[in-house]
file start04.pdb (PDB, C-alpha atoms, pLDDT in the B column)
ATOM      1  CA  MET X 158     -27.587  21.191  72.592  1.00 41.00           C
ATOM      2  CA  GLY X 159     -25.322  22.120  69.663  1.00 44.00           C
ATOM      3  CA  THR X 160     -22.277  20.660  71.433  1.00 49.00           C
ATOM      4  CA  VAL X 161     -24.100  17.423  72.164  1.00 53.00           C
ATOM      5  CA  GLY X 162     -25.075  17.163  68.504  1.00 64.00           C
ATOM      6  CA  ASP X 163     -21.451  17.638  67.389  1.00 66.00           C
ATOM      7  CA  ASP X 164     -20.247  14.997  69.846  1.00 66.00           C
ATOM      8  CA  GLU X 165     -22.909  12.587  68.638  1.00 68.00           C
ATOM      9  CA  ILE X 166     -21.847  13.135  65.020  1.00 64.00           C
ATOM     10  CA  ILE X 167     -18.198  12.549  65.948  1.00 62.00           C
ATOM     11  CA  ARG X 168     -19.149   9.437  67.904  1.00 61.00           C
ATOM     12  CA  ARG X 169     -21.044   8.032  64.920  1.00 61.00           C
ATOM     13  CA  ARG X 170     -18.132   8.743  62.596  1.00 57.00           C
ATOM     14  CA  LEU X 171     -15.771   6.939  64.946  1.00 53.00           C
ATOM     15  CA  LEU X 172     -18.082   3.931  65.044  1.00 54.00           C
ATOM     16  CA  ILE X 173     -18.345   3.891  61.236  1.00 51.00           C
ATOM     17  CA  GLU X 174     -14.565   4.209  60.722  1.00 51.00           C
ATOM     18  CA  GLY X 175     -13.833   1.333  63.102  1.00 50.00           C
ATOM     19  CA  ASP X 176     -10.140   0.369  63.330  1.00 48.00           C
ATOM     20  CA  GLY X 177      -9.104   2.335  60.269  1.00 49.00           C
ATOM     21  CA  GLY X 178      -7.248   5.594  60.047  1.00 52.00           C
ATOM     22  CA  GLY X 179      -9.592   7.358  62.498  1.00 62.00           C
ATOM     23  CA  ASP X 180      -7.270   7.005  65.496  1.00 66.00           C
ATOM     24  CA  ASP X 181      -5.682  10.412  64.974  1.00 72.00           C
ATOM     25  CA  ARG X 182      -9.076  12.021  64.515  1.00 77.00           C
ATOM     26  CA  ARG X 183     -10.334  10.274  67.638  1.00 75.00           C
ATOM     27  CA  ILE X 184      -7.424  11.603  69.716  1.00 78.00           C
ATOM     28  CA  THR X 185      -7.788  15.098  68.231  1.00 82.00           C
ATOM     29  CA  THR X 186     -11.492  15.115  69.094  1.00 82.00           C
ATOM     30  CA  LEU X 187     -10.666  13.964  72.627  1.00 77.00           C
ATOM     31  CA  LEU X 188      -8.139  16.797  73.049  1.00 81.00           C
ATOM     32  CA  LYS X 189     -10.565  19.391  71.710  1.00 82.00           C
ATOM     33  CA  SER X 190     -13.273  18.121  74.031  1.00 79.00           C
ATOM     34  CA  PHE X 191     -10.893  18.218  76.994  1.00 80.00           C
ATOM     35  CA  ILE X 192      -9.762  21.779  76.209  1.00 84.00           C
ATOM     36  CA  LYS X 193     -13.345  22.911  75.802  1.00 79.00           C
ATOM     37  CA  TRP X 194     -14.423  21.095  78.960  1.00 78.00           C
ATOM     38  CA  SER X 195     -11.598  22.606  81.004  1.00 78.00           C
ATOM     39  CA  THR X 196     -12.026  26.159  79.708  1.00 80.00           C
ATOM     40  CA  VAL X 197     -15.776  26.580  79.181  1.00 75.00           C
ATOM     41  CA  LYS X 198     -17.902  26.889  82.281  1.00 77.00           C
ATOM     42  CA  ASP X 199     -21.019  24.776  81.773  1.00 73.00           C
ATOM     43  CA  SER X 200     -23.565  23.565  84.216  1.00 76.00           C
ATOM     44  CA  GLU X 201     -22.574  20.660  86.426  1.00 77.00           C
ATOM     45  CA  GLU X 202     -24.860  18.309  84.492  1.00 79.00           C
ATOM     46  CA  ASP X 203     -23.448  19.341  81.086  1.00 77.00           C
ATOM     47  CA  SER X 204     -19.913  19.243  82.450  1.00 77.00           C
ATOM     48  CA  TYR X 205     -20.449  15.728  83.817  1.00 81.00           C
ATOM     49  CA  GLY X 206     -21.981  14.595  80.501  1.00 81.00           C
ATOM     50  CA  THR X 207     -18.981  15.937  78.598  1.00 80.00           C
ATOM     51  CA  TYR X 208     -16.696  14.214  81.082  1.00 81.00           C
ATOM     52  CA  GLN X 209     -18.435  10.865  80.512  1.00 86.00           C
ATOM     53  CA  LYS X 210     -18.104  11.283  76.739  1.00 84.00           C
ATOM     54  CA  MET X 211     -14.388  12.007  77.094  1.00 81.00           C
ATOM     55  CA  ILE X 212     -13.990   8.884  79.224  1.00 86.00           C
ATOM     56  CA  ALA X 213     -15.775   6.877  76.510  1.00 85.00           C
ATOM     57  CA  MET X 214     -13.550   8.364  73.791  1.00 82.00           C
ATOM     58  CA  LEU X 215     -10.456   7.605  75.858  1.00 83.00           C
ATOM     59  CA  ALA X 216     -11.623   4.009  76.281  1.00 84.00           C
ATOM     60  CA  GLN X 217     -12.067   3.744  72.508  1.00 84.00           C
ATOM     61  CA  CYS X 218      -8.529   5.045  71.960  1.00 81.00           C
ATOM     62  CA  GLU X 219      -7.110   2.547  74.465  1.00 83.00           C
ATOM     63  CA  PHE X 220      -9.103  -0.275  72.916  1.00 87.00           C
ATOM     64  CA  ALA X 221      -7.862   0.613  69.411  1.00 82.00           C
ATOM     65  CA  MET X 222      -4.288   0.797  70.691  1.00 84.00           C
ATOM     66  CA  ASP X 223      -4.552  -2.582  72.454  1.00 86.00           C
ATOM     67  CA  LYS X 224      -6.105  -4.161  69.399  1.00 87.00           C
ATOM     68  CA  THR X 225      -3.421  -2.747  67.112  1.00 84.00           C
ATOM     69  CA  HIS X 226      -0.749  -4.094  69.460  1.00 87.00           C
ATOM     70  CA  LEU X 227      -2.353  -7.536  69.466  1.00 90.00           C
ATOM     71  CA  VAL X 228      -2.570  -7.533  65.669  1.00 88.00           C
ATOM     72  CA  TYR X 229       1.078  -6.515  65.493  1.00 88.00           C
ATOM     73  CA  ASP X 230       2.113  -9.363  67.809  1.00 89.00           C
ATOM     74  CA  MET X 231       0.003 -11.802  65.798  1.00 91.00           C
ATOM     75  CA  ASN X 232       1.638 -10.646  62.562  1.00 89.00           C
ATOM     76  CA  LEU X 233       5.088 -11.172  64.083  1.00 89.00           C
ATOM     77  CA  LYS X 234       4.151 -14.708  65.112  1.00 90.00           C
ATOM     78  CA  GLU X 235       2.691 -15.418  61.667  1.00 90.00           C
ATOM     79  CA  GLN X 236       5.834 -14.072  60.022  1.00 90.00           C
ATOM     80  CA  LYS X 237       7.982 -16.342  62.183  1.00 90.00           C
ATOM     81  CA  ASN X 238       5.707 -19.278  61.378  1.00 88.00           C
ATOM     82  CA  TYR X 239       5.930 -18.593  57.636  1.00 88.00           C
ATOM     83  CA  GLU X 240       9.713 -18.313  57.854  1.00 90.00           C
ATOM     84  CA  GLU X 241       9.892 -21.707  59.566  1.00 91.00           C
ATOM     85  CA  LEU X 242       7.562 -23.234  56.979  1.00 88.00           C
ATOM     86  CA  ASN X 243       9.596 -21.679  54.184  1.00 89.00           C
ATOM     87  CA  GLN X 244      12.761 -23.172  55.662  1.00 90.00           C
ATOM     88  CA  GLN X 245      11.054 -26.559  55.865  1.00 91.00           C
ATOM     89  CA  ILE X 246       9.952 -26.319  52.230  1.00 90.00           C
ATOM     90  CA  GLU X 247      13.470 -25.356  51.154  1.00 90.00           C
ATOM     91  CA  THR X 248      14.839 -28.350  53.070  1.00 90.00           C
ATOM     92  CA  ASN X 249      12.319 -30.651  51.370  1.00 89.00           C
ATOM     93  CA  ILE X 250      13.249 -29.232  47.980  1.00 90.00           C
ATOM     94  CA  SER X 251      16.951 -29.778  48.701  1.00 88.00           C
ATOM     95  CA  GLU X 252      16.239 -33.375  49.672  1.00 90.00           C
ATOM     96  CA  ALA X 253      14.180 -33.836  46.517  1.00 89.00           C
ATOM     97  CA  VAL X 254      17.026 -32.463  44.385  1.00 89.00           C
ATOM     98  CA  LYS X 255      19.438 -34.823  46.148  1.00 90.00           C
ATOM     99  CA  LYS X 256      17.160 -37.785  45.463  1.00 89.00           C
ATOM    100  CA  ILE X 257      16.860 -36.768  41.814  1.00 90.00           C
ATOM    101  CA  LYS X 258      20.650 -36.746  41.519  1.00 90.00           C
ATOM    102  CA  GLU X 259      20.780 -40.181  43.116  1.00 90.00           C
ATOM    103  CA  CYS X 260      18.171 -41.463  40.684  1.00 88.00           C
ATOM    104  CA  LYS X 261      20.163 -40.067  37.771  1.00 90.00           C
ATOM    105  CA  LEU X 262      23.269 -41.873  38.990  1.00 90.00           C
ATOM    106  CA  GLU X 263      21.303 -45.086  39.355  1.00 89.00           C
ATOM    107  CA  LEU X 264      19.930 -44.613  35.850  1.00 88.00           C
ATOM    108  CA  GLN X 265      23.448 -44.151  34.483  1.00 90.00           C
ATOM    109  CA  GLU X 266      24.490 -47.322  36.289  1.00 90.00           C
ATOM    110  CA  ALA X 267      21.535 -49.184  34.797  1.00 88.00           C
ATOM    111  CA  LYS X 268      22.500 -47.960  31.323  1.00 89.00           C
ATOM    112  CA  ARG X 269      26.060 -49.099  31.900  1.00 90.00           C
ATOM    113  CA  ILE X 270      24.862 -52.537  32.962  1.00 90.00           C
ATOM    114  CA  ARG X 271      22.627 -52.719  29.922  1.00 89.00           C
ATOM    115  CA  LYS X 272      25.544 -51.809  27.680  1.00 89.00           C
ATOM    116  CA  ASN X 273      27.638 -54.487  29.359  1.00 88.00           C
ATOM    117  CA  ARG X 274      24.885 -57.009  28.802  1.00 86.00           C
ATOM    118  CA  GLN X 275      24.752 -56.106  25.125  1.00 88.00           C
ATOM    119  CA  GLU X 276      28.514 -56.518  24.912  1.00 86.00           C
ATOM    120  CA  TYR X 277      28.250 -59.889  26.642  1.00 81.00           C
ATOM    121  CA  ASP X 278      25.587 -60.920  24.158  1.00 82.00           C
ATOM    122  CA  ALA X 279      27.858 -59.966  21.271  1.00 83.00           C
ATOM    123  CA  LEU X 280      30.747 -61.807  22.874  1.00 80.00           C
ATOM    124  CA  ALA X 281      28.566 -64.849  23.369  1.00 75.00           C
ATOM    125  CA  LYS X 282      27.835 -64.895  19.656  1.00 78.00           C
ATOM    126  CA  VAL X 283      31.550 -64.826  18.882  1.00 75.00           C
ATOM    127  CA  ILE X 284      32.214 -67.627  21.351  1.00 65.00           C
ATOM    128  CA  GLN X 285      29.507 -69.730  19.778  1.00 68.00           C
ATOM    129  CA  GLN X 286      31.489 -69.678  16.546  1.00 71.00           C
ATOM    130  CA  HIS X 287      34.538 -71.091  18.317  1.00 62.00           C
ATOM    131  CA  PRO X 288      35.553 -74.563  16.998  1.00 60.00           C
ATOM    132  CA  ASP X 289      36.051 -76.057  20.507  1.00 67.00           C
ATOM    133  CA  ARG X 290      32.470 -76.800  21.456  1.00 70.00           C
ATOM    134  CA  GLN X 291      33.238 -78.041  24.954  1.00 77.00           C
ATOM    135  CA  GLU X 292      35.169 -74.911  25.894  1.00 76.00           C
ATOM    136  CA  THR X 293      32.549 -72.830  24.190  1.00 71.00           C
ATOM    137  CA  PHE X 294      29.828 -74.435  26.301  1.00 78.00           C
ATOM    138  CA  LYS X 295      31.788 -73.727  29.464  1.00 83.00           C
ATOM    139  CA  GLN X 296      32.262 -70.114  28.475  1.00 81.00           C
ATOM    140  CA  LEU X 297      28.598 -69.832  27.585  1.00 83.00           C
ATOM    141  CA  GLU X 298      27.604 -71.161  30.984  1.00 88.00           C
ATOM    142  CA  THR X 299      29.824 -68.610  32.651  1.00 89.00           C
ATOM    143  CA  LEU X 300      28.407 -65.844  30.507  1.00 88.00           C
ATOM    144  CA  ASP X 301      24.868 -66.988  31.190  1.00 89.00           C
ATOM    145  CA  LYS X 302      25.488 -66.782  34.920  1.00 91.00           C
ATOM    146  CA  GLU X 303      26.960 -63.325  34.578  1.00 91.00           C
ATOM    147  CA  LEU X 304      24.077 -62.351  32.356  1.00 91.00           C
ATOM    148  CA  GLU X 305      21.544 -63.547  34.926  1.00 92.00           C
ATOM    149  CA  THR X 306      23.352 -61.600  37.594  1.00 92.00           C
ATOM    150  CA  LEU X 307      23.311 -58.513  35.437  1.00 92.00           C
ATOM    151  CA  LYS X 308      19.643 -59.022  34.660  1.00 92.00           C
ATOM    152  CA  LYS X 309      18.882 -59.298  38.359  1.00 92.00           C
ATOM    153  CA  GLU X 310      20.920 -56.166  39.049  1.00 91.00           C
ATOM    154  CA  GLN X 311      19.131 -54.436  36.181  1.00 91.00           C
ATOM    155  CA  GLN X 312      15.748 -55.464  37.577  1.00 93.00           C
ATOM    156  CA  ASP X 313      16.740 -54.345  41.061  1.00 91.00           C
ATOM    157  CA  LEU X 314      17.862 -50.981  39.741  1.00 91.00           C
ATOM    158  CA  ASP X 315      14.708 -50.619  37.664  1.00 91.00           C
ATOM    159  CA  ASP X 316      12.568 -51.376  40.721  1.00 92.00           C
ATOM    160  CA  LYS X 317      14.530 -48.933  42.826  1.00 91.00           C
ATOM    161  CA  LEU X 318      14.191 -46.269  40.126  1.00 91.00           C
ATOM    162  CA  VAL X 319      10.427 -46.747  40.037  1.00 91.00           C
ATOM    163  CA  ILE X 320      10.288 -46.394  43.833  1.00 92.00           C
ATOM    164  CA  ARG X 321      12.401 -43.219  43.711  1.00 90.00           C
ATOM    165  CA  LYS X 322      10.116 -41.734  41.050  1.00 91.00           C
ATOM    166  CA  LYS X 323       7.054 -42.487  43.180  1.00 91.00           C
ATOM    167  CA  GLN X 324       8.718 -41.000  46.257  1.00 91.00           C
ATOM    168  CA  PHE X 325       9.651 -37.862  44.362  1.00 90.00           C
ATOM    169  CA  HIS X 326       6.133 -37.531  42.952  1.00 91.00           C
ATOM    170  CA  LEU X 327       4.706 -37.954  46.460  1.00 91.00           C
ATOM    171  CA  LEU X 328       7.057 -35.292  47.800  1.00 91.00           C
ATOM    172  CA  ILE X 329       6.090 -32.824  45.074  1.00 92.00           C
ATOM    173  CA  SER X 330       2.390 -33.532  45.727  1.00 90.00           C
ATOM    174  CA  ALA X 331       2.919 -32.936  49.454  1.00 89.00           C
ATOM    175  CA  ILE X 332       4.620 -29.604  48.730  1.00 91.00           C
ATOM    176  CA  HIS X 333       1.715 -28.528  46.500  1.00 90.00           C
ATOM    177  CA  GLN X 334      -0.798 -29.579  49.152  1.00 90.00           C
ATOM    178  CA  LEU X 335       1.145 -27.668  51.801  1.00 89.00           C
ATOM    179  CA  GLN X 336       1.145 -24.549  49.644  1.00 90.00           C
ATOM    180  CA  SER X 337      -2.620 -24.944  49.070  1.00 88.00           C
ATOM    181  CA  ILE X 338      -3.166 -25.225  52.836  1.00 89.00           C
ATOM    182  CA  PHE X 339      -1.174 -22.027  53.433  1.00 86.00           C
ATOM    183  CA  GLU X 340      -3.143 -20.178  50.784  1.00 87.00           C
ATOM    184  CA  GLU X 341      -6.438 -21.419  52.248  1.00 86.00           C
ATOM    185  CA  GLU X 342      -5.343 -20.391  55.772  1.00 85.00           C
ATOM    186  CA  ASP X 343      -4.386 -16.927  54.507  1.00 83.00           C
ATOM    187  CA  LYS X 344      -7.740 -16.633  52.762  1.00 84.00           C
ATOM    188  CA  ASN X 345      -9.632 -17.741  55.888  1.00 83.00           C
ATOM    189  CA  GLU X 346      -7.675 -15.329  58.073  1.00 81.00           C
ATOM    190  CA  ASN X 347      -8.416 -12.467  55.683  1.00 80.00           C
ATOM    191  CA  GLU X 348     -12.114 -13.366  55.707  1.00 79.00           C
ATOM    192  CA  VAL X 349     -12.114 -13.508  59.518  1.00 76.00           C
ATOM    193  CA  GLU X 350     -10.405 -10.112  59.693  1.00 77.00           C
ATOM    194  CA  GLU X 351     -12.937  -8.652  57.247  1.00 76.00           C
ATOM    195  CA  GLU X 352     -15.805 -10.062  59.300  1.00 75.00           C
ATOM    196  CA  LYS X 353     -14.279  -8.607  62.470  1.00 74.00           C
ATOM    197  CA  GLU X 354     -13.954  -5.220  60.823  1.00 73.00           C
ATOM    198  CA  MET X 355     -17.569  -5.409  59.624  1.00 75.00           C
ATOM    199  CA  ASP X 356     -18.681  -6.382  63.172  1.00 70.00           C
ATOM    200  CA  MET X 357     -16.725  -3.480  64.667  1.00 70.00           C
ATOM    201  CA  SER X 358     -18.354  -1.069  62.221  1.00 61.00           C
TER     202      SER X 358
END

call {"tool": "encode", "arguments": {"input": "start04.pdb", "output": "structure tokens"}}
result
Amino acid sequence: MGTVGDDEIIRRRLLIEGDGGGDDRRITTLLKSFIKWSTVKDSEEDSYGTYQKMIAMLAQCEFAMDKTHLVYDMNLKEQKNYEELNQQIETNISEAVKKIKECKLELQEAKRIRKNRQEYDALAKVIQQHPDRQETFKQLETLDKELETLKKEQQDLDDKLVIRKKQFHLLISAIHQLQSIFEEEDKNENEVEEEKEMDMS
């Protein structure tokens, strides 16, 4: 009766500990039970009962080992998945940096065109003071055409710059959303693991 009580206490402790650090204790208990079972001569009924308990403990050890192996494999897959996602994020960041550089170059070009337009405006004022009105009018017409072209180019560059800013903002928002999704998935997985551990206990 005393042996059965000890085994019952050990069994309850194993159930309470669940998947934690009780694997070594579980194996040690199994070895002690086996040594006792093989050396102590009990009745056939007690011996068979001890045998069944050892079989149950062995099944628990195998189950814990299989579960640990599955968790290990899952962690490897998750690690690989996170590495791929990290590589994707780094690629997106590199593309974003490249687009920013392109936008800066376009902005410099727009500033240069604006400066040229200002210089053309100043030149137009000088030409207007020229005594030959007919030639001045011709030059003004030419300058006006160039100015319209520059204005159109300026507008085109401004529109393109606005589009690039929106694209960059959208990319940054997508990166933040992706990070939020990863954090939420990690949180959900941790909650699921905690629930599994509570169910096992």

call {"tool": "atom_distance", "arguments": {"input": "start04.pdb", "atom1": "CA of Gln286 in chain X", "atom2": "CA of Glu298 in chain X"}}
result
15.0 Å

call {"tool": "closest_residue", "arguments": {"input": "start04.pdb", "among": "X:His333, X:Ile338, X:Glu259, X:Gly206", "to": "Lys317 in chain X", "atoms": "all atoms listed in the file"}}
result
X:Glu259

call {"tool": "axis_aligned_box", "arguments": {"input": "start04.pdb", "around": "range 237-242 of chain X", "padding_each_side": "6 Å", "output": "AutoDock Vina command-line options"}}
result
--center_x 7.8 --center_y -19.8 --center_z 59.6 --size_x 16.2 --size_y 18.9 --size_z 17.2

call {"tool": "residues_around", "arguments": {"input": "start04.pdb", "residues": "range 237-240 of chain X", "least_positions_apart": "6", "cutoff": "12 Å", "atoms": "all atoms listed in the file", "output": "short mmCIF file (atom, residue, chain, number, x, y, z; two decimals) with C-alpha atoms, keeping the file's coordinate frame"}}
result
data_model
loop_
_atom_site.label_atom_id
_atom_site.label_comp_id
_atom_site.auth_asym_id
_atom_site.auth_seq_id
_atom_site.Cartn_x
_atom_site.Cartn_y
_atom_site.Cartn_z
CA ASP X 230 2.11 -9.36 67.81
CA MET X 231 0.00 -11.80 65.80
CA ILE X 246 9.95 -26.32 52.23
CA GLU X 247 13.47 -25.36 51.15
CA LEU X 335 1.14 -27.67 51.80
CA GLN X 336 1.14 -24.55 49.64
CA PHE X 339 -1.17 -22.03 53.43
CA GLU X 340 -3.14 -20.18 50.78
CA GLU X 342 -5.34 -20.39 55.77
CA ASP X 343 -4.39 -16.93 54.51
#

call {"tool": "closest_residue", "arguments": {"input": "start04.pdb", "among": "X:Asp199, X:Trp194, X:His226, X:Arg321", "to": "Lys258 in chain X", "atoms": "all atoms listed in the file"}}
result
X:Arg321

call {"tool": "atom_distance", "arguments": {"input": "start04.pdb", "atom1": "CA of Glu263 in chain X", "atom2": "CA of Gln311 in chain X"}}
result
10.1 Å

call {"tool": "residues_around", "arguments": {"input": "start04.pdb", "residues": "Lys309 in chain X", "least_positions_apart": "4", "cutoff": "12 Å", "atoms": "only C-alpha atoms", "output": "PyMOL selection string"}}
result
chain X and resi 267+270-271+274+302-305+313-316

call {"tool": "residues_around", "arguments": {"input": "start04.pdb", "residues": "Gln324 in chain X", "least_positions_apart": "6", "cutoff": "10 Å", "atoms": "all atoms listed in the file", "output": "list of chain:residue names"}}
result
X:Ala253, X:Lys256, X:Leu318, X:Ser330

call {"tool": "atom_distance", "arguments": {"input": "start04.pdb", "atom1": "CA of Gln275 in chain X", "atom2": "CA of Gln296 in chain X"}}
result
16.2 Å

call {"tool": "closest_residue", "arguments": {"input": "start04.pdb", "among": "X:Ser195, X:Asn273, X:Val349, X:Ile329", "to": "Ile250 in chain X", "atoms": "all atoms listed in the file"}}
result
X:Ile329

call {"tool": "residues_around", "arguments": {"input": "start04.pdb", "residues": "Asp181 in chain X", "least_positions_apart": "5", "cutoff": "10 Å", "atoms": "all atoms listed in the file", "output": "PyMOL selection string"}}
result
chain X and resi 186-187+218

call {"tool": "closest_residue", "arguments": {"input": "start04.pdb", "among": "X:Phe220, X:Phe325, X:Phe294, X:Tyr208", "to": "Glu252 in chain X", "atoms": "all atoms listed in the file"}}
result
X:Phe325

call {"tool": "closest_residue", "arguments": {"input": "start04.pdb", "among": "X:Phe191, X:Leu307, X:Asn347, X:Asp278", "to": "Glu266 in chain X", "atoms": "all atoms listed in the file"}}
result
X:Leu307
